[in-house]
Structures are given as structure tokens and as C-alpha cells.
Amino acid sequence: MSIAGQDLLGGPPPTYLPDETEPRLLLERGTPAVEVAAQFPTHSAAWADLAFEAYDRGAVIESYAYARVGYHRGLDALRRNGWKGYGPVPWAHAPNQGFLRALYALGRAADAIDETDEAARISQFLNDSDPAVVAALTS
């Protein structure tokens, strides 16, 4: 239960990553994700884009590797912004979406290679972060 973003049951507050304007604008303008990742290796959205591109062309292991990098870069960013290893990471906050997309891509690739424990853990992580993520990415 919450009032204006405050969890009345004592859970951690949501984590909101800051906007990384330059790499975001490069991606929005159509700069290839590989170039953005090379120039801004901490930008999870570029790695998520690479993971999605690889998966779409059937390169599941490559997708897994890109997603793993985006996931770890996102964890670093979350921790720098107050995340304690659990709690909401809202999908509606656009700067969080790169990390959440990388996390989703990692779970999807893990499932595709029958890494079922990892896929289940990531599914739970996504749900704990924001139940809206999977619906947003699969609709």
C-alpha cells in the first residue's frame, strides 16, 4: 500500500536512475547501438538494444552476452543511486528502461538456452522491480 510513492508497509523506496542524455539522444537519433555502447559502455540501454538485435537474428548466445553486460552496468547504476539490492525499479521512469530491458533480454536468452534457474530468478527480479515490465515488452 502506498500514498504518493511512499510505501506505508516499510518497503524500500523506488529507485529512479538519472537520465543519461547524450547516449539516449544518440540512440533516439538512430546511431547504431554498437557505436553507443563503445562510446558509453555504462549505458544499459545500448546493451539492451544489442541484446534485442542479436536475439531477433537468432544469435541467442550473443544476445545473452550483451544482456549480461547491460544487466551488470544497470546494477552498478542502481547501486550508485541508492538501490540496496531489492525494491521497485519503475518501468514508467524512462531512464530505468534500459536496465529493465537488459534484464528481460537476459531472462529470455537464459530461457532459450535452458538455463532454467537463471530464467526463473530473472522473472522474479522483473516482477519485484515492476510487474508492468513484461507486459510492456511483450505487447
# chains A, B, ... in the order shown; residues from 1 in each chain; ligands from 1
call {"tool": "residues_around", "arguments": {"residues": "Arg108 of chain A", "least_positions_apart": "6", "cutoff": "10 Å", "atoms": "only C-alpha atoms", "output": "MDAnalysis selection string"}}
result
chainID A and resid 52 55 60 63:64 67 102 114:115 118:119 122:123
call {"tool": "residues_around", "arguments": {"residues": "Val69 of chain A", "least_positions_apart": "3", "cutoff": "8 Å", "atoms": "only C-alpha atoms", "output": "ChimeraX atom specification"}}
result
/A:44,47,65-66,72-73
call {"tool": "write_last_selection", "arguments": {"atoms": "N, CA and C atoms", "output": "CSV table (one decimal), in the first residue's frame"}}
result
chain,number,residue,atom,x,y,z
A,44,SER,N,23.2,1.1,-20.1
A,44,SER,CA,22.4,-0.2,-20.2
A,44,SER,C,21.5,-0.3,-21.5
A,47,TRP,N,23.3,-1.7,-24.5
A,47,TRP,CA,23.5,-3.1,-24.4
A,47,TRP,C,22.2,-3.8,-24.6
A,65,ALA,N,25.1,-12.6,-23.9
A,65,ALA,CA,26.3,-11.8,-23.5
A,65,ALA,C,26.0,-10.3,-23.5
A,66,TYR,N,25.4,-9.8,-24.5
A,66,TYR,CA,25.1,-8.3,-24.5
A,66,TYR,C,24.1,-8.0,-23.3
A,72,HIS,N,24.6,-5.9,-15.7
A,72,HIS,CA,25.6,-5.6,-14.7
A,72,HIS,C,25.9,-4.1,-14.7
A,73,ARG,N,25.9,-3.5,-15.8
A,73,ARG,CA,26.1,-2.0,-15.9
A,73,ARG,C,24.9,-1.3,-15.2
call {"tool": "closest_residue", "arguments": {"among": "A:Leu103, A:Ala94, A:Ala48, A:Ile113", "to": "Asp19 of chain A", "atoms": "only C-alpha atoms"}}
result
A:Ala94
call {"tool": "closest_residue", "arguments": {"among": "A:Ala45, A:Ile61, A:Arg80, A:Tyr16", "to": "Asp111 of chain A", "atoms": "only C-alpha atoms"}}
result
A:Ile61
call {"tool": "select_by_dssp", "arguments": {"residues": "segment 11-104 of chain A", "states": "alpha helix (DSSP H)", "output": "ChimeraX atom specification"}}
result
/A:21-28,33-39,44-56,60-80,97-104
call {"tool": "closest_residue", "arguments": {"among": "A:Gly30, A:Pro23, A:Gly82, A:Gly87", "to": "Gly10 of chain A", "atoms": "only C-alpha atoms"}}
result
A:Gly87
